[in-house]
Amino acid sequence: MCIGCELSQQLSSCFSQAVLARAGTTSRRRVLQAGALMAASAVAPSLLKAEAKAVPADGKADWLFEGGTILTMERDQPRAEAVAVRGNTIVYVGDRRGAQRWLGANTQRVDLKGRILLPGLIDSHVHPLLGSLFRSGLSLKIESREHEVLDSIHTYVKDNPGTGVFFGNGWDSNLFSGQGGPHRRDLDAISADRPILLMSSDMHSAWVNSKALEMAGITADTPNPQVGEIVRDKDGSPTGYLREAPAFLPVINALNLLDSKTYGPLLQALLDQFAAMGFTSLFDAAMPFGQIAIYTAIEEMDRRAALPVRLHVTQTVTSEADVDTAVSTLKQLHQRFGSEHFRVSTLKIVGDGVIENRQAALINPYLQPAGTHGRLAISTDSVIKLLRQCDQSGFDVHYHTIGDASLRQILDALTTVRQQGTHPKVTLAHVQLADDADQARLTRLKPFISSTGIWCIRYQATEQAIGTDRYNKMFRFGRLQRDHGVNLALGSDWPATYASGTLGIEPMLNVQAAIRRQPPPPLFAAMKDALGPGASEPLPPMEDALTLEGSLEAYTLAGARQLRIDRITGSIREGKRADLCVFDQDLTAIPSDRIYSARCLLTLMDGVARHDARPAA
């Protein structure tokens with residue numbers, strides 16, 4: 001289900017090289033510099049513009065919030081009656097009477113009218129930079145069946161004449177199972193002369209036509225990568241179904257997908273959407289190509305006070321080929337980039353794939369197809385090596401684990417380095433399956449965990465793949481958080497989420513699903529029958545459902561701890577930055593099955609209104 005978890009560093013200069021290829025430039029330095037300038041000019045001017053407000057001369061507050069529920073996420077003062085903001089800082093948290101001294105002629109006095117004020121939300125695992133690109137092509141609906149998918153592709157191709165790549169995403173990995181998966185011949189019948197690349201909804205598989213295979217040089221003689229698979233016909237010819245990033249990387253590398261004319265507006269629109277949903281910080285869990293160009297543009301945005309969120313990005317390891325240079329590359333990016341709201345300081349290790357394409361690494365085999373286990377992306381020795389290097393260099397580690405074998409690998413590696421006196425900061429992303437023994441180890445080792453609320457629901461295809469016993473032990477977080485003090489953060493993992501569009505980003509859908517362990521109505525409606533029978537029933541074990549308070553902490557302070565920014569944000573406390581959001585309903589006063597309906601009305605990041613949809617007085 002994780003999009004960036006599988007894309008390799010091989011693509012780091014794809015965009016820049018493609019841009020300058022037309023000019024005949026061969027110098028790598030000139031390629032990267034020009035690519036950076038192009039992306040900066042394309043992205044930066046079009047993004048949200050917001051000037052940081054000067055501190056008022058009279059010493060009064062810029063904003064005063066009162067008249068509703070204020071949850072601070074601070075244990076010594078969990079609630080407050082009023083909050084005052086001056087410049088980019090929270091200057092008062094307390095009762096309404098004490099807040100009055102902060103009122104001035106220019107103070108914006110916000111009467112919450114019974115609504116709720118929260119710290120700014122933090123998405124602890126998402127892919128906005130890569131997701132901006134995926135929004136530029138055909139968006140298929142995961143609930144669509146085979147004939148509907150083909151009809152949508154045919155219509156899209158017909159409506160977009162010309163030259164170039166047909167690119168899109170969203171098809172269900174479980175489609176076309178009767179023929180062993182999607183096949184190039186179906187795409188060839190729609191377009192034989194232009195390449196087609198369609199990513200699955202979980203972003204761990206690709207479906208391409210013969211033209212795309214030809215451009216990538218993938219033939220019957222092309223060996224399978226160490227991780228993933230080039231699915232083949234009986235005669236050895238590639239079917240066009242490519243599982244996991246090492247298999248489809250050659251296709252992406254052969255196509256120029258990051259068009260500067262479209263990427264800038266798409267990034268603007270997406271970041272605006274995150275701000276409109278209440279987010280003030282994002283952890284981008286992989287942008288493995290065009291890094292120099294895009295990071296340069298983001299840094300420039302921040303210098304102009306135009307970046308609407310705090311943005312942390314990663315360097316990714318997906319195979320043994322990445323291991324030796326991963327930390328040195330991260331060091332170079334960390335030294336080159338960094339501004340007030342932009343940071344490159346985390347190594348993302350992909351432990352395995354996903355259950356949907358049977359590439360998640362399991363201790364015991366899959367039931368469908370019987371006997372397969374998936375596989376680990378890199379050796380445990382390599383994980384230990386990277387943990388040590390990151391600890392020595394001051395970098396954090398973000399480890400993707402879906403299967404119980406990959407979870408066991410990272411827990412083994414973490415135990416080993418701790419016994420040797422090394423204590424890296426490790427976040428485990430997803431943690432879908434855990435053997436009982438390893439679930440117990442999580443309570444002792446207490447790594448940071450980031451996962452997604454709307455994954456904690458019933459999905460028949462997963463149950464059929466792994467069996468009911470394992471299926472009923474997925475996503476066991478509630479007791480880890482409540483009883484054992486494990487730092488659990490919530491993230492959407494968008495766009496590798498259920499349903500199409502940006503529905504998966506919606507924070508209150510994720511909160512409700514984490515509490516009730518069943519799909520909220522909008523998700524259920526969007527997925528139609530794709531989840532399978534019984535999808536409306538809660539996913540056991542219900543003892544591991546989160547509480548409302550636990551879910552909100554997971555979307556605020558826990559995410560700030562993961563990103564090492566809890567000193568300045570993640571809670572409402574005097575002296576912290578004014579990262580705040582107002583929702584239109586008091587989440588503590590409505591039934592848990594209505595939480596999904598709450599919408600953000602106002603978002604401040606550093607005291608600046610990045611979104612304001614408050615109704616007129």
# chains A, B, ... in the order shown; residues from 1 in each chain; ligands from 1

$ closest_atom_pairs --of "stretch 440-519 of chain A" --to "stretch 556-571 of chain A" --cutoff "12 Å" --atoms "only C-alpha atoms" --output "Markdown table"
| residue | atom | partner | partner_atom | distance |
| --- | --- | --- | --- | --- |
| A:Pro447 | CA | A:Gln562 | CA | 10.2 |
| A:Phe448 | CA | A:Gln562 | CA | 6.9 |
| A:Ile449 | CA | A:Gln562 | CA | 8.5 |
| A:Ser450 | CA | A:Gly559 | CA | 8.2 |
| A:Ser451 | CA | A:Gly559 | CA | 10.8 |
| A:Gln481 | CA | A:Ala558 | CA | 10.3 |
| A:Gly485 | CA | A:Ala558 | CA | 10.9 |
| A:Val486 | CA | A:Ala558 | CA | 9.5 |
| A:Asn487 | CA | A:Ala558 | CA | 5.8 |
| A:Leu488 | CA | A:Ala558 | CA | 6.1 |
| A:Ala489 | CA | A:Ala558 | CA | 5.1 |
| A:Leu490 | CA | A:Gly559 | CA | 7.2 |
| A:Gly491 | CA | A:Gly559 | CA | 8.5 |
| A:Pro507 | CA | A:Thr556 | CA | 11.0 |
| A:Val511 | CA | A:Thr556 | CA | 11.8 |

$ residues_around --residues "A:Arg375" --least-positions-apart "3" --cutoff "10 Å" --atoms "only C-alpha atoms" --output "mmCIF file with N, CA and C atoms, in the first residue's frame"
data_model
loop_
_atom_site.group_PDB
_atom_site.id
_atom_site.type_symbol
_atom_site.label_atom_id
_atom_site.label_comp_id
_atom_site.auth_asym_id
_atom_site.auth_seq_id
_atom_site.Cartn_x
_atom_site.Cartn_y
_atom_site.Cartn_z
ATOM 1 N N GLN A 226 16.155 -8.746 -8.053
ATOM 2 C CA GLN A 226 16.244 -9.465 -6.789
ATOM 3 C C GLN A 226 14.930 -9.391 -6.022
ATOM 4 N N VAL A 227 14.273 -8.242 -6.084
ATOM 5 C CA VAL A 227 12.980 -8.042 -5.449
ATOM 6 C C VAL A 227 11.984 -7.689 -6.533
ATOM 7 N N GLY A 228 10.820 -8.341 -6.538
ATOM 8 C CA GLY A 228 9.817 -8.068 -7.545
ATOM 9 C C GLY A 228 9.855 -9.093 -8.667
ATOM 10 N N GLY A 351 11.559 -2.581 3.681
ATOM 11 C CA GLY A 351 11.820 -3.931 4.144
ATOM 12 C C GLY A 351 11.246 -5.006 3.247
ATOM 13 N N ASP A 352 10.083 -4.734 2.666
ATOM 14 C CA ASP A 352 9.425 -5.717 1.798
ATOM 15 C C ASP A 352 8.413 -5.002 0.928
ATOM 16 N N GLY A 353 7.563 -5.786 0.254
ATOM 17 C CA GLY A 353 6.531 -5.215 -0.598
ATOM 18 C C GLY A 353 5.193 -5.167 0.122
ATOM 19 N N ARG A 358 1.644 -9.921 -3.315
ATOM 20 C CA ARG A 358 2.321 -11.072 -2.701
ATOM 21 C C ARG A 358 3.823 -10.866 -2.558
ATOM 22 N N GLN A 359 4.227 -9.614 -2.411
ATOM 23 C CA GLN A 359 5.641 -9.314 -2.210
ATOM 24 C C GLN A 359 5.961 -8.921 -0.774
ATOM 25 N N ALA A 360 4.942 -8.816 0.087
ATOM 26 C CA ALA A 360 5.222 -8.654 1.513
ATOM 27 C C ALA A 360 5.877 -9.929 2.030
ATOM 28 N N ALA A 361 6.879 -9.805 2.873
ATOM 29 C CA ALA A 361 7.633 -10.968 3.358
ATOM 30 C C ALA A 361 6.937 -11.575 4.563
ATOM 31 N N LEU A 362 6.558 -12.860 4.434
ATOM 32 C CA LEU A 362 5.828 -13.555 5.489
ATOM 33 C C LEU A 362 6.674 -14.663 6.102
ATOM 34 N N ILE A 363 6.483 -14.895 7.402
ATOM 35 C CA ILE A 363 7.160 -16.008 8.086
ATOM 36 C C ILE A 363 6.591 -17.330 7.586
ATOM 37 N N THR A 372 4.131 -19.507 -1.416
ATOM 38 C CA THR A 372 4.989 -18.336 -1.607
ATOM 39 C C THR A 372 5.107 -17.556 -0.301
ATOM 40 N N ILE A 378 16.355 -6.272 1.540
ATOM 41 C CA ILE A 378 17.796 -6.295 1.806
ATOM 42 C C ILE A 378 18.053 -7.233 2.981
ATOM 43 N N GLY A 403 4.782 -7.280 5.991
ATOM 44 C CA GLY A 403 4.735 -8.670 6.426
ATOM 45 C C GLY A 403 5.419 -8.891 7.762
ATOM 46 N N ALA A 405 7.589 -11.128 8.507
ATOM 47 C CA ALA A 405 9.020 -11.431 8.377
ATOM 48 C C ALA A 405 9.855 -10.150 8.328
ATOM 49 N N SER A 406 9.356 -9.121 7.665
ATOM 50 C CA SER A 406 10.100 -7.860 7.637
ATOM 51 C C SER A 406 10.082 -7.188 9.000
#

$ residues_around --residues "A:Arg109" --least-positions-apart "4" --cutoff "10 Å" --atoms "only C-alpha atoms" --output "ChimeraX atom specification"
/A:61-66,84,103-104

$ write_last_selection --atoms "C-alpha atoms" --output "CSV table (one decimal), in the first residue's frame"
chain,number,residue,atom,x,y,z
A,61,ALA,CA,-2.1,39.3,19.9
A,62,ASP,CA,-2.7,38.8,16.2
A,63,TRP,CA,-5.2,36.0,17.0
A,64,LEU,CA,-7.4,35.2,20.0
A,65,PHE,CA,-9.4,31.9,20.1
A,66,GLU,CA,-12.1,31.3,22.6
A,84,ALA,CA,-3.6,33.9,21.9
A,103,LEU,CA,-6.7,41.9,22.9
A,104,GLY,CA,-5.7,44.9,20.8

$ select_by_dssp --residues "stretch 402-547 of chain A" --states "strand (DSSP E)" --output "ChimeraX atom specification"
/A:426-430,448-451,488-490

$ write_last_selection --atoms "N, CA and C atoms" --output "tab-separated table (two decimals), in the first residue's frame"
chain	number	residue	atom	x	y	z
A	426	VAL	N	14.26	4.97	15.20
A	426	VAL	CA	13.65	4.18	14.14
A	426	VAL	C	12.13	4.29	14.21
A	427	THR	N	11.53	4.62	13.09
A	427	THR	CA	10.07	4.58	12.94
A	427	THR	C	9.72	3.41	12.03
A	428	LEU	N	8.80	2.58	12.48
A	428	LEU	CA	8.30	1.48	11.68
A	428	LEU	C	7.03	1.93	10.98
A	429	ALA	N	7.05	1.91	9.65
A	429	ALA	CA	5.90	2.35	8.87
A	429	ALA	C	5.00	1.17	8.55
A	430	HIS	N	3.72	1.32	8.83
A	430	HIS	CA	2.64	0.38	8.49
A	430	HIS	C	2.43	-0.69	9.55
A	448	PHE	N	9.28	3.86	17.30
A	448	PHE	CA	8.19	4.71	16.83
A	448	PHE	C	7.42	3.94	15.76
A	449	ILE	N	6.12	4.16	15.67
A	449	ILE	CA	5.29	3.51	14.67
A	449	ILE	C	4.45	4.56	13.96
A	450	SER	N	4.33	4.43	12.64
A	450	SER	CA	3.43	5.25	11.85
A	450	SER	C	2.56	4.33	11.01
A	451	SER	N	1.24	4.52	11.07
A	451	SER	CA	0.36	3.70	10.25
A	451	SER	C	-0.86	4.51	9.82
A	488	LEU	N	2.75	6.25	18.65
A	488	LEU	CA	2.02	5.88	17.45
A	488	LEU	C	1.54	7.13	16.73
A	489	ALA	N	2.00	7.32	15.50
A	489	ALA	CA	1.57	8.46	14.69
A	489	ALA	C	0.69	7.95	13.54
A	490	LEU	N	-0.21	8.79	13.10
A	490	LEU	CA	-1.07	8.45	11.97
A	490	LEU	C	-0.63	9.21	10.72

$ residues_around --residues "A:Leu150" --least-positions-apart "6" --cutoff "9 Å" --atoms "only C-alpha atoms" --output "number ranges by chain"
A: 186-187, 190

$ write_last_selection --atoms "N, CA and C atoms" --output "PDB file, in the first residue's frame"
ATOM      1  N   ASP A 186      -4.120  -6.094 -23.808  1.00  0.00           N
ATOM      2  CA  ASP A 186      -5.308  -5.262 -23.631  1.00  0.00           C
ATOM      3  C   ASP A 186      -4.986  -3.788 -23.841  1.00  0.00           C
ATOM      4  N   LEU A 187      -3.800  -3.382 -23.407  1.00  0.00           N
ATOM      5  CA  LEU A 187      -3.381  -1.995 -23.627  1.00  0.00           C
ATOM      6  C   LEU A 187      -2.951  -1.771 -25.067  1.00  0.00           C
ATOM      7  N   ILE A 190      -5.614  -0.754 -27.287  1.00  0.00           N
ATOM      8  CA  ILE A 190      -6.071   0.628 -27.115  1.00  0.00           C
ATOM      9  C   ILE A 190      -5.074   1.609 -27.710  1.00  0.00           C
TER      10      ILE A 190
END

$ closest_residue --among "A:Ile298, A:Ile355, A:Ile349, A:Val323" --to "A:Ser205" --atoms "only C-alpha atoms"
A:Ile355

$ residues_around --residues "A:His341" --least-positions-apart "3" --cutoff "8 Å" --atoms "only C-alpha atoms" --output "list of chain:residue names"
A:Asp302, A:Leu307, A:Val309, A:Arg310, A:Leu311, A:Gly338

$ write_last_selection --atoms "C-alpha atoms" --output "short mmCIF file (atom, residue, chain, number, x, y, z; two decimals), in the first residue's frame"
data_model
loop_
_atom_site.label_atom_id
_atom_site.label_comp_id
_atom_site.auth_asym_id
_atom_site.auth_seq_id
_atom_site.Cartn_x
_atom_site.Cartn_y
_atom_site.Cartn_z
CA ASP A 302 10.13 28.58 1.90
CA LEU A 307 5.47 26.90 1.73
CA VAL A 309 3.44 23.21 5.56
CA ARG A 310 6.56 22.01 7.31
CA LEU A 311 7.96 19.41 4.92
CA GLY A 338 17.42 22.77 4.42
#

$ residues_around --residues "A:Thr89" --least-positions-apart "6" --cutoff "12 Å" --atoms "only C-alpha atoms" --output "PyMOL selection string"
chain A and resi 52-55+61-63+83+568-569+572-580+604-608

$ write_last_selection --atoms "N, CA and C atoms" --output "short mmCIF file (atom, residue, chain, number, x, y, z; two decimals), in the first residue's frame"
data_model
loop_
_atom_site.label_atom_id
_atom_site.label_comp_id
_atom_site.auth_asym_id
_atom_site.auth_seq_id
_atom_site.Cartn_x
_atom_site.Cartn_y
_atom_site.Cartn_z
N ALA A 52 4.76 36.28 6.09
CA ALA A 52 4.82 36.15 7.54
C ALA A 52 4.49 37.50 8.17
N LYS A 53 3.57 37.49 9.14
CA LYS A 53 3.13 38.74 9.73
C LYS A 53 4.15 39.27 10.72
N ALA A 54 4.35 40.55 10.72
CA ALA A 54 5.23 41.17 11.70
C ALA A 54 4.56 41.18 13.07
N VAL A 55 5.35 41.13 14.12
CA VAL A 55 4.80 41.20 15.47
C VAL A 55 4.15 42.57 15.67
N ALA A 61 -2.08 40.58 20.67
CA ALA A 61 -2.13 39.34 19.89
C ALA A 61 -2.64 39.59 18.48
N ASP A 62 -2.18 38.78 17.57
CA ASP A 62 -2.75 38.77 16.22
C ASP A 62 -4.05 37.98 16.18
N TRP A 63 -4.08 36.89 16.95
CA TRP A 63 -5.25 36.01 16.99
C TRP A 63 -5.60 35.70 18.44
N VAL A 83 -6.74 30.78 23.63
CA VAL A 83 -5.38 30.73 23.11
C VAL A 83 -5.11 32.02 22.36
N ILE A 568 8.78 22.52 19.01
CA ILE A 568 8.18 23.74 18.48
C ILE A 568 6.73 23.57 18.04
N THR A 569 6.25 22.35 17.86
CA THR A 569 4.89 22.17 17.37
C THR A 569 4.35 20.83 17.85
N ILE A 572 -0.43 22.57 21.86
CA ILE A 572 -0.72 23.99 22.09
C ILE A 572 -0.14 24.36 23.45
N ARG A 573 0.96 25.06 23.40
CA ARG A 573 1.70 25.41 24.61
C ARG A 573 2.36 26.77 24.41
N GLU A 574 2.38 27.56 25.43
CA GLU A 574 3.01 28.87 25.31
C GLU A 574 4.47 28.71 24.90
N GLY A 575 4.88 29.47 23.91
CA GLY A 575 6.24 29.43 23.41
C GLY A 575 6.40 28.59 22.16
N LYS A 576 5.43 27.71 21.88
CA LYS A 576 5.50 26.92 20.65
C LYS A 576 4.98 27.73 19.47
N ARG A 577 5.30 27.24 18.28
CA ARG A 577 4.83 27.91 17.07
C ARG A 577 3.31 27.80 16.95
N ALA A 578 2.74 28.79 16.31
CA ALA A 578 1.29 28.85 16.16
C ALA A 578 0.85 28.01 14.96
N ASP A 579 0.93 26.69 15.13
CA ASP A 579 0.40 25.73 14.17
C ASP A 579 -0.91 25.23 14.75
N LEU A 580 -2.02 25.68 14.19
CA LEU A 580 -3.33 25.43 14.77
C LEU A 580 -4.36 25.14 13.69
N LEU A 604 -3.70 27.64 10.68
CA LEU A 604 -2.56 28.54 10.82
C LEU A 604 -1.29 27.71 10.84
N MET A 605 -0.28 28.14 10.09
CA MET A 605 1.05 27.56 10.22
C MET A 605 2.01 28.72 10.44
N ASP A 606 2.71 28.69 11.57
CA ASP A 606 3.56 29.81 11.97
C ASP A 606 2.76 31.11 12.09
N GLY A 607 1.52 30.99 12.53
CA GLY A 607 0.70 32.17 12.75
C GLY A 607 0.09 32.77 11.52
N VAL A 608 0.34 32.18 10.35
CA VAL A 608 -0.19 32.69 9.09
C VAL A 608 -1.36 31.81 8.66
#

$ residues_around --residues "A:Asp95" --least-positions-apart "3" --cutoff "6 Å" --atoms "only C-alpha atoms" --output "count of residues only"
3

$ closest_residue --among "A:Arg470, A:Lys158, A:His125, A:Lys385" --to "A:Ala326" --atoms "only C-alpha atoms"
A:Lys385

$ atom_distance --atom1 "atom CA of A:Ile230" --atom2 "atom CA of A:Ser191"
21.1 Å

$ closest_residue --among "A:Cys581, A:Leu133, A:Ala305, A:Ile70" --to "A:Pro265" --atoms "only C-alpha atoms"
A:Leu133

$ closest_residue --among "A:Phe524, A:Phe167, A:Tyr498, A:Phe475" --to "A:Thr401" --atoms "only C-alpha atoms"
A:Phe475

$ atom_distance --atom1 "atom CA of A:Ala216" --atom2 "atom CA of A:Pro161"
22.5 Å

$ closest_residue --among "A:Leu249, A:Leu129, A:Leu546, A:Leu367" --to "A:Arg482" --atoms "only C-alpha atoms"
A:Leu546
